[in-house]
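Next comes structure07.txt, with compact mmCIF, C-alpha atoms and all ligand atoms.
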```txt
# COMPACT_ATOMS: atom_id res chain seq x y z
CA MET H 1 -28.37 -5.09 0.37
CA PRO H 2 -25.94 -6.42 2.87
CA TRP H 3 -25.40 -2.97 4.11
CA SER H 4 -27.18 -3.04 7.30
CA SER H 5 -26.48 -2.50 10.83
CA PHE H 6 -23.03 -1.71 11.73
CA ARG H 7 -22.16 0.93 14.04
CA VAL H 8 -18.85 1.47 15.35
CA SER H 9 -17.86 -0.08 18.56
CA CYS H 10 -15.20 1.57 20.54
CA PRO H 11 -14.81 0.05 23.94
CA THR H 12 -14.31 2.34 26.82
CA ARG H 13 -11.00 0.78 27.65
CA LEU H 14 -9.75 1.62 24.25
CA LEU H 15 -10.83 5.20 24.54
CA LEU H 16 -9.04 5.47 27.83
CA ALA H 17 -5.96 4.00 26.32
CA MET H 18 -6.07 6.44 23.46
CA ILE H 19 -6.52 9.35 25.82
CA ALA H 20 -3.53 8.14 27.78
CA LEU H 21 -1.52 7.91 24.62
CA ALA H 22 -2.38 11.43 23.62
CA GLY H 23 0.02 12.61 26.26
CA VAL H 24 2.88 10.55 24.97
CA GLY H 25 5.41 12.37 22.91
CA GLN H 26 5.35 11.15 19.38
CA LEU H 27 8.32 9.92 17.52
CA SER H 28 7.43 12.01 14.60
CA GLY H 29 10.51 11.13 12.69
CA CYS H 30 9.73 7.50 12.69
CA PHE H 31 6.04 7.05 12.47
CA ASN H 32 5.14 6.84 8.88
CA PRO H 33 5.59 3.80 6.74
CA SER H 34 8.63 4.32 4.62
CA GLY H 35 6.41 4.64 1.76
CA ALA H 36 6.12 1.26 0.54
CA GLY H 37 2.89 0.22 0.59
CA ASP H 38 -0.04 1.08 -0.41
CA GLY H 39 -0.21 0.97 -3.69
CA GLY H 40 -2.22 -1.03 -5.87
CA THR H 41 -3.98 -4.02 -4.85
CA GLU H 42 -2.86 -6.98 -6.75
CA THR H 43 -4.61 -10.21 -6.97
CA ASP H 44 -3.20 -13.60 -7.39
CA GLY H 45 -5.29 -16.51 -8.34
CA GLY H 46 -8.35 -14.70 -7.23
CA THR H 47 -7.15 -13.88 -3.79
CA ALA H 48 -7.08 -10.26 -3.01
CA MET H 49 -3.68 -9.02 -2.29
CA GLN H 50 -1.74 -6.11 -1.75
CA SER H 51 0.82 -4.47 -3.35
CA THR H 52 0.19 -1.75 -2.49
CA GLY H 53 3.08 -0.14 -2.95
CA GLY H 54 2.30 0.60 -2.22
CA PRO H 55 0.46 3.54 -2.32
CA ALA H 56 1.72 1.33 0.04
CA GLY H 57 2.12 4.11 1.43
CA ASP H 58 -0.95 5.33 -0.09
CA THR H 59 -2.48 4.37 2.98
CA THR H 60 -1.44 7.25 5.03
CA GLN H 61 -1.44 9.86 2.40
CA SER H 62 -3.75 12.72 2.26
CA PRO H 63 -5.18 13.55 -1.12
CA LEU H 64 -2.59 16.23 -1.45
CA ASP H 65 0.12 13.64 -1.29
CA THR H 66 -0.72 12.07 -4.51
CA SER H 67 0.35 14.76 -6.82
CA GLY H 68 2.92 13.03 -8.70
CA ALA H 69 4.95 10.27 -7.56
CA ALA H 70 8.15 10.88 -9.34
CA THR H 71 8.09 14.56 -8.72
CA SER H 72 7.55 14.34 -5.04
CA ALA H 73 9.82 11.40 -4.66
CA ALA H 74 12.59 13.14 -6.46
CA ALA H 75 12.19 16.16 -4.29
CA GLU H 76 12.82 14.10 -1.25
CA THR H 77 15.13 11.41 -0.35
CA THR H 78 12.21 9.34 0.76
CA PRO H 79 11.81 7.16 -2.21
CA ASN H 80 8.32 5.90 -2.46
CA ALA H 81 6.18 6.85 -5.31
CA THR H 82 2.65 7.45 -4.23
CA SER H 83 3.42 7.23 -0.62
CA SER H 84 3.34 9.81 2.03
CA SER H 85 6.24 11.60 0.50
CA GLY H 86 4.60 14.59 -1.07
CA ASP H 87 2.90 15.81 2.02
CA PRO H 88 4.41 18.99 3.35
CA ASP H 89 2.84 18.27 6.68
CA ASP H 90 4.32 14.87 6.80
CA THR H 91 7.01 15.06 9.38
CA SER H 92 8.03 11.52 8.92
CA ALA H 93 11.63 11.02 8.24
CA GLY H 94 11.84 7.75 6.50
CA PRO H 95 14.98 5.78 6.93
CA SER H 96 16.46 7.24 3.82
CA ASP H 97 16.21 10.70 5.25
CA SER H 98 19.35 9.89 7.09
CA SER H 99 21.16 10.92 3.96
CA THR H 100 20.03 14.48 4.44
CA GLY H 101 22.26 14.86 7.43
CA GLU H 102 19.39 16.11 9.54
CA PRO H 103 19.37 15.19 13.19
CA SER H 104 18.10 11.72 13.68
CA ASN H 105 14.66 11.16 15.14
CA CYS H 106 15.30 7.46 15.39
CA PRO H 107 15.87 5.91 18.77
CA GLY H 108 19.40 4.63 18.77
CA GLY H 109 20.30 6.73 15.75
CA ASP H 110 19.54 6.14 12.14
CA PRO H 111 19.54 2.58 10.91
CA THR H 112 22.73 1.54 9.25
CA PRO H 113 22.90 -0.16 5.90
CA ALA H 114 22.52 -3.91 5.79
CA MET H 115 20.76 -3.97 9.10
CA ALA H 116 17.40 -5.64 8.88
CA PRO H 117 16.76 -8.20 11.55
CA TYR H 118 13.14 -9.07 12.16
CA VAL H 119 11.33 -10.87 14.91
CA VAL H 120 8.49 -12.86 13.41
CA SER H 121 5.34 -13.50 15.42
CA ASP H 122 1.74 -14.51 14.91
CA LEU H 123 -0.79 -11.83 15.71
CA VAL H 124 -4.01 -13.56 16.63
CA ALA H 125 -6.96 -12.12 14.77
CA GLY H 126 -9.67 -14.60 15.62
CA GLN H 127 -10.58 -14.96 11.97
CA GLU H 128 -8.70 -15.73 8.82
CA SER H 129 -7.76 -12.42 7.30
CA SER H 130 -8.09 -11.89 3.58
CA ASP H 131 -6.60 -8.43 3.19
CA LEU H 132 -5.25 -5.56 5.23
CA ASP H 133 -4.04 -2.02 5.04
CA VAL H 134 -2.08 0.21 7.39
CA GLY H 135 -2.43 3.81 8.48
CA ASP H 136 -3.01 5.99 11.53
CA ILE H 137 -6.72 5.43 11.78
CA ASN H 138 -7.40 7.15 15.10
CA GLY H 139 -5.07 10.10 14.70
CA ASP H 140 -2.77 9.41 17.63
CA ASP H 141 0.34 9.39 15.40
CA HIS H 142 0.85 5.67 15.91
CA LEU H 143 0.43 3.32 13.00
CA ASP H 144 -2.65 1.09 13.05
CA PHE H 145 -3.91 -1.58 10.70
CA ILE H 146 -7.28 -2.69 9.46
CA HIS H 147 -8.10 -6.10 8.06
CA LEU H 148 -10.90 -8.16 6.61
CA ALA H 149 -12.20 -11.30 8.23
CA ARG H 150 -13.54 -12.72 5.04
CA VAL H 151 -15.74 -15.53 6.33
CA ALA H 152 -17.24 -13.52 9.16
CA GLY H 153 -17.54 -10.49 6.89
CA SER H 154 -16.27 -8.19 9.58
CA ILE H 155 -13.75 -5.39 9.40
CA GLU H 156 -11.43 -5.06 12.37
CA VAL H 157 -8.98 -2.37 13.42
CA PHE H 158 -5.89 -2.98 15.52
CA PHE H 159 -4.73 0.26 17.09
CA GLY H 160 -0.97 0.46 17.38
CA ASP H 161 0.77 1.57 20.55
CA GLY H 162 3.83 2.91 18.75
CA ALA H 163 6.09 0.27 20.28
CA GLY H 164 5.14 -2.61 18.05
CA GLY H 165 2.21 -3.69 20.17
CA PHE H 166 -1.50 -3.16 19.72
CA LEU H 167 -3.98 -1.79 22.19
CA SER H 168 -6.46 -4.61 21.86
CA ASP H 169 -7.08 -7.78 19.98
CA GLY H 170 -8.93 -5.89 17.31
CA VAL H 171 -12.00 -3.71 17.32
CA THR H 172 -14.79 -4.57 14.92
CA VAL H 173 -15.73 -1.37 13.14
CA LEU H 174 -18.19 -2.88 10.73
CA ASN H 175 -20.06 -6.13 10.13
CA SER H 176 -20.74 -6.35 6.46
CA ASN H 177 -22.90 -9.47 6.32
CA GLY H 178 -21.14 -10.10 3.04
CA PHE H 179 -17.81 -11.23 1.71
CA PRO H 180 -15.29 -8.40 1.69
CA ASP H 181 -12.13 -9.32 -0.18
CA THR H 182 -10.18 -6.12 -0.72
CA ILE H 183 -9.60 -3.19 1.61
CA ARG H 184 -7.77 0.11 1.21
CA LEU H 185 -7.34 3.17 3.39
CA GLY H 186 -7.18 6.67 2.00
CA ALA H 187 -8.25 10.16 3.02
CA ILE H 188 -10.83 11.37 0.51
CA ALA H 189 -11.02 15.11 1.03
CA ASP H 190 -9.79 15.82 4.51
CA GLU H 191 -7.09 14.48 6.78
CA THR H 192 -8.98 11.52 8.20
CA LEU H 193 -8.63 8.08 6.71
CA ASP H 194 -11.58 6.53 4.94
CA LEU H 195 -12.14 2.95 3.85
CA PHE H 196 -12.58 1.41 0.43
CA VAL H 197 -13.87 -2.13 0.53
CA HIS H 198 -14.78 -4.44 -2.30
CA MET H 199 -17.52 -6.97 -1.62
CA GLU H 200 -18.23 -10.17 -3.44
CA GLY H 201 -21.77 -11.43 -3.86
CA PRO H 202 -23.18 -9.03 -4.83
CA VAL H 203 -20.19 -7.18 -6.20
CA GLU H 204 -20.09 -3.73 -4.70
CA LEU H 205 -17.61 -1.05 -3.79
CA TRP H 206 -18.16 0.36 -0.35
CA VAL H 207 -16.78 3.73 0.57
CA ILE H 208 -16.84 4.13 4.32
CA ARG H 209 -15.90 7.49 5.70
CA GLY H 210 -13.95 7.66 8.91
CA ASP H 211 -14.22 10.24 11.63
CA GLY H 212 -10.51 10.26 12.39
CA ALA H 213 -11.04 8.73 15.81
CA GLY H 214 -11.26 5.13 14.69
CA ASN H 215 -14.96 5.08 13.81
CA PHE H 216 -16.44 4.62 10.35
CA PRO H 217 -19.95 5.97 10.60
CA ILE H 218 -20.76 7.04 7.05
CA GLN H 219 -21.15 4.50 4.27
CA GLN H 220 -21.83 4.66 0.57
CA VAL H 221 -22.37 1.68 -1.71
CA TYR H 222 -21.53 1.71 -5.41
CA GLU H 223 -23.03 -1.23 -7.25
CA PRO H 224 -22.50 -3.26 -9.25
CA THR H 225 -18.79 -2.72 -9.09
CA TYR H 226 -16.40 -5.59 -9.52
CA VAL H 227 -12.91 -4.87 -8.26
CA ARG H 228 -9.96 -7.17 -8.67
CA ALA H 229 -7.44 -4.53 -7.77
CA ILE H 230 -7.72 -0.90 -6.79
CA ASP H 231 -5.42 2.03 -6.25
CA LEU H 232 -6.10 5.49 -4.88
CA ALA H 233 -4.66 8.88 -5.73
CA ASP H 234 -5.72 12.36 -6.73
CA LEU H 235 -5.92 11.98 -10.49
CA ASN H 236 -7.14 15.45 -11.43
CA GLY H 237 -5.36 17.75 -9.02
CA ASP H 238 -8.35 18.90 -7.00
CA ALA H 239 -7.04 17.48 -3.72
CA VAL H 240 -9.84 14.92 -3.62
CA LEU H 241 -8.87 11.27 -3.68
CA ASP H 242 -9.89 9.43 -6.86
CA LEU H 243 -10.14 5.73 -7.63
CA ALA H 244 -8.73 3.50 -10.35
CA TYR H 245 -9.63 -0.17 -10.38
CA VAL H 246 -9.72 -3.15 -12.65
CA GLY H 247 -12.04 -6.08 -12.50
CA ALA H 248 -14.88 -7.02 -14.77
CA SER H 249 -13.87 -5.79 -18.19
CA ASN H 250 -12.28 -2.36 -18.07
CA LEU H 251 -10.06 -0.04 -16.19
CA GLU H 252 -12.54 2.16 -14.36
CA VAL H 253 -11.71 5.62 -13.05
CA ARG H 254 -14.00 7.33 -10.57
CA LEU H 255 -13.31 10.91 -9.63
CA GLY H 256 -14.11 12.03 -6.13
CA ASN H 257 -16.20 15.02 -5.19
CA PRO H 258 -15.32 17.48 -2.41
CA THR H 259 -18.40 16.14 -0.63
CA GLU H 260 -16.56 12.80 -0.41
CA THR H 261 -18.83 11.01 -2.85
CA TYR H 262 -17.81 9.48 -6.18
CA GLN H 263 -18.85 10.16 -9.74
CA SER H 264 -19.81 7.51 -12.28
CA PRO H 265 -16.83 5.64 -13.70
CA THR H 266 -15.04 6.43 -16.91
CA LEU H 267 -13.99 3.24 -18.69
CA TYR H 268 -10.67 2.57 -20.41
CA GLY H 269 -9.66 -0.41 -22.49
CA GLN H 270 -10.43 -4.07 -22.24
CA ASN H 271 -9.00 -5.33 -19.01
CA PHE H 272 -9.63 -8.38 -16.89
CA GLY H 273 -7.23 -6.92 -14.46
CA SER H 274 -4.93 -8.57 -12.05
CA ALA H 275 -3.16 -5.46 -10.81
CA VAL H 276 -3.33 -1.69 -10.98
CA ARG H 277 -0.92 0.95 -9.80
CA ILE H 278 -0.99 4.74 -9.91
CA ALA H 279 2.31 6.55 -10.28
CA ASP H 280 3.87 9.27 -12.38
CA ILE H 281 5.66 6.82 -14.57
CA THR H 282 6.11 9.27 -17.43
CA GLY H 283 7.69 11.87 -15.19
CA ASP H 284 5.61 14.83 -16.36
CA GLY H 285 4.13 15.63 -12.98
CA SER H 286 0.75 14.03 -13.69
CA VAL H 287 0.05 10.61 -12.30
CA ASP H 288 -0.48 7.72 -14.68
CA ILE H 289 -2.18 4.35 -14.29
CA LEU H 290 -0.53 0.99 -14.89
CA THR H 291 -2.70 -2.07 -15.33
CA ALA H 292 -2.06 -5.75 -15.84
CA ASP H 293 -4.46 -8.29 -17.24
CA TYR H 294 -4.68 -11.95 -16.28
CA GLY H 295 -4.63 -13.05 -19.88
CA SER H 296 -2.06 -10.64 -21.27
CA THR H 297 1.71 -10.55 -21.34
CA GLU H 298 1.77 -6.80 -21.70
CA LEU H 299 1.57 -4.07 -19.11
CA GLN H 300 -0.72 -1.24 -20.12
CA ILE H 301 0.23 2.31 -19.27
CA TYR H 302 -2.42 5.03 -19.29
CA ALA H 303 -0.78 8.42 -19.26
CA GLY H 304 -2.57 10.99 -17.15
CA ALA H 305 -3.38 14.37 -18.63
CA GLY H 306 -3.61 15.89 -15.17
CA ASN H 307 -7.35 16.50 -15.44
CA GLY H 308 -8.53 13.01 -14.62
CA THR H 309 -8.44 11.68 -18.18
CA PHE H 310 -5.96 9.14 -19.53
CA ILE H 311 -4.47 8.13 -22.86
CA ALA H 312 -3.26 4.60 -23.55
CA GLN H 313 0.46 4.39 -24.23
CA PRO H 314 2.54 1.70 -25.91
CA THR H 315 2.53 -1.37 -23.73
CA VAL H 316 5.48 -2.88 -21.90
CA VAL H 317 6.08 -6.51 -22.87
CA THR H 318 6.34 -8.60 -19.74
CA GLY H 319 6.99 -12.10 -21.02
CA SER H 320 4.23 -13.72 -19.04
CA PRO H 321 1.12 -12.47 -17.25
CA VAL H 322 1.77 -9.95 -14.50
CA SER H 323 0.67 -10.73 -10.97
CA GLY H 324 2.14 -7.79 -9.13
CA ILE H 325 3.26 -4.22 -9.75
CA ASP H 326 5.12 -1.76 -7.64
CA VAL H 327 7.17 1.33 -8.31
CA GLY H 328 10.03 2.92 -6.48
CA HIS H 329 13.68 3.86 -6.68
CA LEU H 330 15.64 0.71 -7.15
CA ASN H 331 18.88 2.10 -8.55
CA ALA H 332 20.92 5.11 -7.65
CA ASP H 333 19.30 7.75 -9.86
CA ASP H 334 16.21 9.81 -9.13
CA ASN H 335 14.05 8.29 -11.87
CA ILE H 336 11.11 6.19 -10.86
CA ASP H 337 11.48 2.50 -11.56
CA LEU H 338 8.92 -0.18 -12.20
CA VAL H 339 9.00 -3.70 -10.78
CA LEU H 340 6.73 -6.48 -11.99
CA THR H 341 6.20 -10.01 -10.87
CA THR H 342 5.07 -12.51 -13.45
CA ALA H 343 4.38 -16.20 -13.34
CA ASP H 344 8.01 -16.84 -14.24
CA ASP H 345 10.18 -14.08 -12.88
CA LEU H 346 10.56 -10.64 -11.36
CA ARG H 347 11.46 -7.80 -13.71
CA VAL H 348 12.71 -4.34 -12.93
CA PHE H 349 12.30 -1.68 -15.61
CA TYR H 350 14.46 1.34 -14.78
CA GLY H 351 13.37 4.87 -15.43
CA GLU H 352 15.35 6.84 -17.98
CA ASP H 353 16.56 10.40 -17.64
CA ASP H 354 14.11 11.56 -20.31
CA GLY H 355 11.16 10.49 -18.18
CA THR H 356 10.48 7.25 -19.98
CA ILE H 357 10.70 3.73 -18.70
CA SER H 358 13.06 1.34 -20.40
CA SER H 359 11.17 -0.99 -22.70
CA THR H 360 13.34 -3.91 -21.70
CA PRO H 361 13.91 -5.01 -18.13
CA GLY H 362 17.20 -3.93 -16.64
CA THR H 363 17.13 -6.67 -14.07
CA VAL H 364 15.42 -10.06 -14.24
CA LEU H 365 15.31 -12.37 -11.23
CA PRO H 366 14.37 -15.82 -12.44
CA ASP H 367 12.06 -16.62 -9.56
CA GLY H 368 8.32 -17.03 -9.83
CA LEU H 369 7.41 -14.45 -7.21
CA SER H 370 3.78 -13.62 -7.26
CA ARG H 371 3.83 -10.24 -5.63
CA VAL H 372 6.21 -7.52 -4.71
CA ARG H 373 6.61 -4.49 -2.48
CA VAL H 374 9.40 -2.01 -2.41
CA ALA H 375 10.74 -0.24 0.66
CA ASP H 376 14.14 0.86 1.84
CA ILE H 377 14.67 -1.76 4.49
CA ASP H 378 18.32 -1.05 5.21
CA ALA H 379 18.18 2.74 4.97
CA ASP H 380 20.81 3.14 2.28
CA GLY H 381 18.61 5.38 0.18
CA VAL H 382 17.79 2.73 -2.40
CA GLU H 383 14.61 0.73 -2.12
CA ASP H 384 14.71 -3.00 -1.68
CA LEU H 385 12.44 -5.79 -2.88
CA ILE H 386 10.04 -7.55 -0.55
CA THR H 387 8.36 -10.64 -1.89
CA ARG H 388 6.87 -13.76 -0.49
CA ALA H 389 7.44 -17.37 -1.34
CA GLY H 390 4.82 -19.51 0.32
CA ALA H 391 5.06 -18.90 4.04
CA ASN H 392 8.33 -17.02 3.71
CA VAL H 393 8.77 -13.30 3.37
CA GLU H 394 11.89 -12.57 1.36
CA ILE H 395 13.92 -9.39 1.22
CA ARG H 396 16.38 -8.71 -1.57
CA PHE H 397 18.57 -5.72 -0.87
CA SER H 398 19.30 -3.43 -3.72
CA THR H 399 22.94 -2.67 -4.32
CA GLY H 400 22.02 0.56 -6.05
CA ASN H 401 23.77 -0.78 -9.10
CA GLU H 402 20.78 -2.60 -10.61
CA SER H 403 21.51 -5.84 -8.85
CA PHE H 404 20.14 -7.38 -5.69
CA SER H 405 21.36 -9.50 -2.83
CA ASP H 406 20.38 -13.10 -2.38
CA PRO H 407 17.05 -13.29 -0.60
CA VAL H 408 17.02 -13.00 3.17
CA SER H 409 14.09 -15.10 4.26
CA PHE H 410 11.81 -14.89 7.29
CA ALA H 411 9.38 -17.73 7.97
CA CYS H 412 5.76 -17.07 8.83
CA SER H 413 3.49 -19.87 9.97
CA SER H 414 1.31 -20.02 6.89
CA SER H 415 1.35 -18.83 3.30
CA ILE H 416 1.31 -15.07 2.96
CA LEU H 417 -1.52 -13.54 0.95
CA SER H 418 -1.35 -9.79 1.43
CA LEU H 419 1.69 -7.92 2.63
CA GLU H 420 1.93 -4.37 3.91
CA VAL H 421 4.81 -2.22 5.10
CA GLY H 422 4.84 0.25 7.96
CA ASP H 423 6.91 1.20 10.97
CA PHE H 424 4.84 -0.10 13.87
CA ASN H 425 7.55 0.18 16.51
CA GLU H 426 8.80 3.56 15.33
CA ASP H 427 12.46 2.65 15.09
CA CYS H 428 12.79 3.94 11.51
CA VAL H 429 13.06 0.44 10.09
CA PRO H 430 10.02 -0.63 8.06
CA ASP H 431 8.08 -3.49 9.61
CA LEU H 432 6.04 -5.97 7.61
CA LEU H 433 2.58 -7.37 8.20
CA GLY H 434 0.98 -10.12 6.16
CA THR H 435 -2.28 -12.01 6.07
CA GLN H 436 -1.90 -15.77 6.19
CA GLY H 437 -4.02 -18.29 4.35
CA GLY H 438 -5.71 -20.85 6.54
CA ALA H 439 -4.59 -19.22 9.78
CA GLN H 440 -6.55 -17.18 12.26
CA SER H 441 -3.67 -14.82 12.66
CA LEU H 442 -1.51 -12.36 10.80
CA CYS H 443 2.24 -12.58 10.44
CA LEU H 444 4.05 -9.62 12.00
CA LEU H 445 7.69 -9.02 11.16
CA LEU H 446 8.88 -6.45 13.65
CA SER H 447 12.25 -4.84 13.23
CA ASP H 448 14.72 -5.57 15.97
CA ARG H 449 17.67 -3.24 15.93
CA GLU H 450 19.46 -4.85 18.82
CA CA U 501 -3.18 5.20 15.54
CA CA U 502 -9.27 14.23 -7.49
CA CA U 503 17.99 -0.29 0.53
CA CA U 504 10.13 -0.78 12.70
```

Final structure tokens representation of the file:
Amino acid sequence: MPWSSFRVSCPTRLLLAMIALAGVGQLSGCFNPSGAGDGGTETDGGTAMQSTGGPAGDTTQSPLDTSGAATSAAAETTPNATSSSGDPDDTSAGPSDSSTGEPSNCPGGDPTPAMAPYVVSDLVAGQESSDLDVGDINGDDHLDFIHLARVAGSIEVFFGDGAGGFLSDGVTVLNSNGFPDTIRLGAIADETLDLFVHMEGPVELWVIRGDGAGNFPIQQVYEPTYVRAIDLADLNGDAVLDLAYVGASNLEVRLGNPTETYQSPTLYGQNFGSAVRIADITGDGSVDILTADYGSTELQIYAGAGNGTFIAQPTVVTGSPVSGIDVGHLNADDNIDLVLTTADDLRVFYGEDDGTISSTPGTVLPDGLSRVRVADIDADGVEDLITRAGANVEIRFSTGNESFSDPVSFACSSSILSLEVGDFNEDCVPDLLGTQGGAQSLCLLLSDRE
């Protein structure tokens, strides 16, 4: 078992820095990722990737957040599905909260529509990164990120300083002696973020519990577990984070225990999955699971009963195999929408007023975009599309009328594998962070409102 000696290292200088930061007033209105993010992991050609949507966003949610994407999203102007939106303790005012008329917590005032300049830089990581996730790992109210150095097998945290910088070059929290390829953050049964890591060779799912201070001292190994894509949410309403993943041959659902351990999986359907996403796509208040299969041109929807069990629904025909899934609010109504990337195009399926999803795409962009994230980049209350094309990160702004702008492109130095969304510099504009193939750095796109 490759699970051997790893004990958290937390250099003294870092501790001092964190202590110093504790006295800094937090920009509570601007900290949280706008919700994009976290979501399901999607894989593309065997490379672990993010969608996240994800629960982008999932990454900072507590288990209580996950109660129902559409419900919570509709109740707020913050549009992301499984993101931080449902958390009553979440003081974050995403950019779209500007529509509420509440006083702005954003330095310089709320972002204005159509404003989305980014400064692109390489963030040296020392190792090629294969996947990442974002969240406040050490509880100082500043967004951090964690990433996998696949070849070295190490897991590193970069603690954010709240101004777009990071307190060190990365702190190794675990040496796996294996080949981690997928990583997710989520709080299992308390407020502190825990880690979910898939290992290759042997295939195992590692659940690594965090202490809320940036250390990950408690590990569990579930084997053999092959994960191509994973998403996290509370599937049965007990406020404990549950797991849904695809990989070897089925959709597997593992329910969490209050003791922060996981039960044996329940299997659903044949699935050699490429992507999975949890969201209340049926609009009944219980989260559902969407899965895509490498060999299939249909998206499978498993409707949640609210108790942790799922029933397969009629599939959504996608035209060609799906590589990426995200959900969000991409037109002007409050219904949750679904966006898919396939080998040939990007398709948006808009939610209907009766709680169903249209069976035919309302918008098709004829570009072969292999992955997608949604986030409201320009703070107009409608989420926008974030994709990548090789080394470029592309943003297509939603008009709110089921059409999108031409892509606005930002060039990274190498092809983007995983992409996450979060507001690292706390200016209320989502920032973007991607892993880059063949580079010992990550690509940071930091919003620049000047
Ligand atoms: Ca932090
Ligand atoms: Ca649960
Ligand atoms: Ca927008
Ligand atoms: Ca920002």

List as a PyMOL selection string the protein and nucleic acid residues near segment 397-402 of chain H, meaning an atom at most 8 Å away when only C-alpha atoms are counted, but skip any in the same chain fewer than 6 places from it. chain H and resi 114+330-332+362-363+377-378+382-385

Quick one: everything within 12 Å of Val124 of chain H, counting only C-alpha atoms, minus sequence neighbours fewer than 2 positions away in the same chain. Send it as JSON, numbers by chain. {"H": [121, 122, 126, 127, 128, 129, 149, 158, 166, 168, 169, 170, 413, 435, 436, 439, 440, 441, 442, 443, 444]}

Which value, in Å to one decimal, gives the distance between atom CA of Phe272 of chain H and atom CA of Arg209 of chain H?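 According to the coordinates, atom CA of Phe272 of chain H and atom CA of Arg209 of chain H are separated by 28.3 Å.
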
Taking into account all atoms listed in the file, which residue in the set H:Asp333, H:Asp144, H:Glu204, H:Asp238 is nearest to Thr225 of chain H? H:Glu204

Please produce, as a tab-separated table, a per-residue contact table for chain H versus ligand CA 501 (chain U) (criterion: any atom at most 8 Å away, all atoms listed in the file considered), showing the nearest atom pair and its distance in Å to one decimal, sorted by chain then residue number.
```
residue	atom	partner	partner_atom	distance
H:Gly135	CA	U:CA501	CA	7.2
H:Asp136	CA	U:CA501	CA	4.1
H:Ile137	CA	U:CA501	CA	5.2
H:Asn138	CA	U:CA501	CA	4.7
H:Gly139	CA	U:CA501	CA	5.3
H:Asp140	CA	U:CA501	CA	4.7
H:Asp141	CA	U:CA501	CA	5.5
H:His142	CA	U:CA501	CA	4.1
H:Leu143	CA	U:CA501	CA	4.8
H:Asp144	CA	U:CA501	CA	4.8
H:Phe159	CA	U:CA501	CA	5.4
H:Gly160	CA	U:CA501	CA	5.5
H:Asp161	CA	U:CA501	CA	7.3
```

With C-alpha atoms retained, could you export that selection as a CSV table (one decimal), in the coordinates of the input?
```csv
chain,number,residue,atom,x,y,z
H,135,GLY,CA,-2.4,3.8,8.5
H,136,ASP,CA,-3.0,6.0,11.5
H,137,ILE,CA,-6.7,5.4,11.8
H,138,ASN,CA,-7.4,7.2,15.1
H,139,GLY,CA,-5.1,10.1,14.7
H,140,ASP,CA,-2.8,9.4,17.6
H,141,ASP,CA,0.3,9.4,15.4
H,142,HIS,CA,0.8,5.7,15.9
H,143,LEU,CA,0.4,3.3,13.0
H,144,ASP,CA,-2.6,1.1,13.0
H,159,PHE,CA,-4.7,0.3,17.1
H,160,GLY,CA,-1.0,0.5,17.4
H,161,ASP,CA,0.8,1.6,20.6
```

Residue contacts of Arg184 of chain H (6 Å, all atoms listed in the file) excluding same-chain residues fewer than 4 positions away, as number ranges by chain: H: 133, 195-196

Distance filter 6 Å around ligand CA 504 (chain U), atoms: only C-alpha atoms and all ligand atoms, out as a list in words: Asp423, Phe424, Asn425, Glu426, Asp427, Cys428, Val429, Pro430, Asp431, Leu446 and Ser447 of chain H

Rank nothing, just name the residue among H:Ile395, H:Ala379, H:Leu365, H:Ile278 nearest to ligand CA 503 (chain U), using all atoms listed in the file. H:Ala379

Counting all atoms listed in the file, what residues are within 9 Å of ligand CA 502 (chain U), given as a list in words?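 I would give the residues around ligand CA 502 (chain U) as Pro63, Ile188, Ala189, Ala233, Asp234, Leu235, Asn236, Gly237, Asp238, Ala239, Val240, Leu241, Asp242, Leu243, Arg254, Leu255, Gly256, Asn257, Pro258, Asn307 and Gly308 of chain H.
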
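Shortest atom-to-atom contact with Tyr118 of chain H among H:Asp354, H:Met199, H:Asp344, H:Gly164: H:Gly164, counting only C-alpha atoms.
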
Nearest to ligand CA 503 (chain U): which of H:Ser296, H:Thr259, H:Ser409, H:Ser403 is it, counting only C-alpha atoms and all ligand atoms? H:Ser403

Which of these, H:Thr182, H:Ser405, H:Thr192, H:Thr387, has the shortest distance to Leu205 of chain H once you count all atoms listed in the file?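 The shortest atom-to-atom distance to Leu205 of chain H comes from H:Thr182.
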
List the spatial neighbours of segment 317-324 of chain H as a VMD selection string - criterion: any atom at most 8 Å away, all atoms listed in the file, same-chain residues fewer than 2 positions off excluded. chain H and resid 42 to 44 51 274 to 275 292 to 299 315 326 340 to 344 347 359 to 360 370 to 372

Could you save those same residues with C-alpha atoms as a compact mmCIF listing (two decimals), keeping the file's coordinate frame?
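Printed below is again_13.txt as written:
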```txt
# COMPACT_ATOMS: atom_id res chain seq x y z
CA GLU H 42 -2.86 -6.98 -6.75
CA THR H 43 -4.61 -10.21 -6.97
CA ASP H 44 -3.20 -13.60 -7.39
CA SER H 51 0.82 -4.47 -3.35
CA SER H 274 -4.93 -8.57 -12.05
CA ALA H 275 -3.16 -5.46 -10.81
CA ALA H 292 -2.06 -5.75 -15.84
CA ASP H 293 -4.46 -8.29 -17.24
CA TYR H 294 -4.68 -11.95 -16.28
CA GLY H 295 -4.63 -13.05 -19.88
CA SER H 296 -2.06 -10.64 -21.27
CA THR H 297 1.71 -10.55 -21.34
CA GLU H 298 1.77 -6.80 -21.70
CA LEU H 299 1.57 -4.07 -19.11
CA THR H 315 2.53 -1.37 -23.73
CA ASP H 326 5.12 -1.76 -7.64
CA LEU H 340 6.73 -6.48 -11.99
CA THR H 341 6.20 -10.01 -10.87
CA THR H 342 5.07 -12.51 -13.45
CA ALA H 343 4.38 -16.20 -13.34
CA ASP H 344 8.01 -16.84 -14.24
CA ARG H 347 11.46 -7.80 -13.71
CA SER H 359 11.17 -0.99 -22.70
CA THR H 360 13.34 -3.91 -21.70
CA SER H 370 3.78 -13.62 -7.26
CA ARG H 371 3.83 -10.24 -5.63
CA VAL H 372 6.21 -7.52 -4.71
```
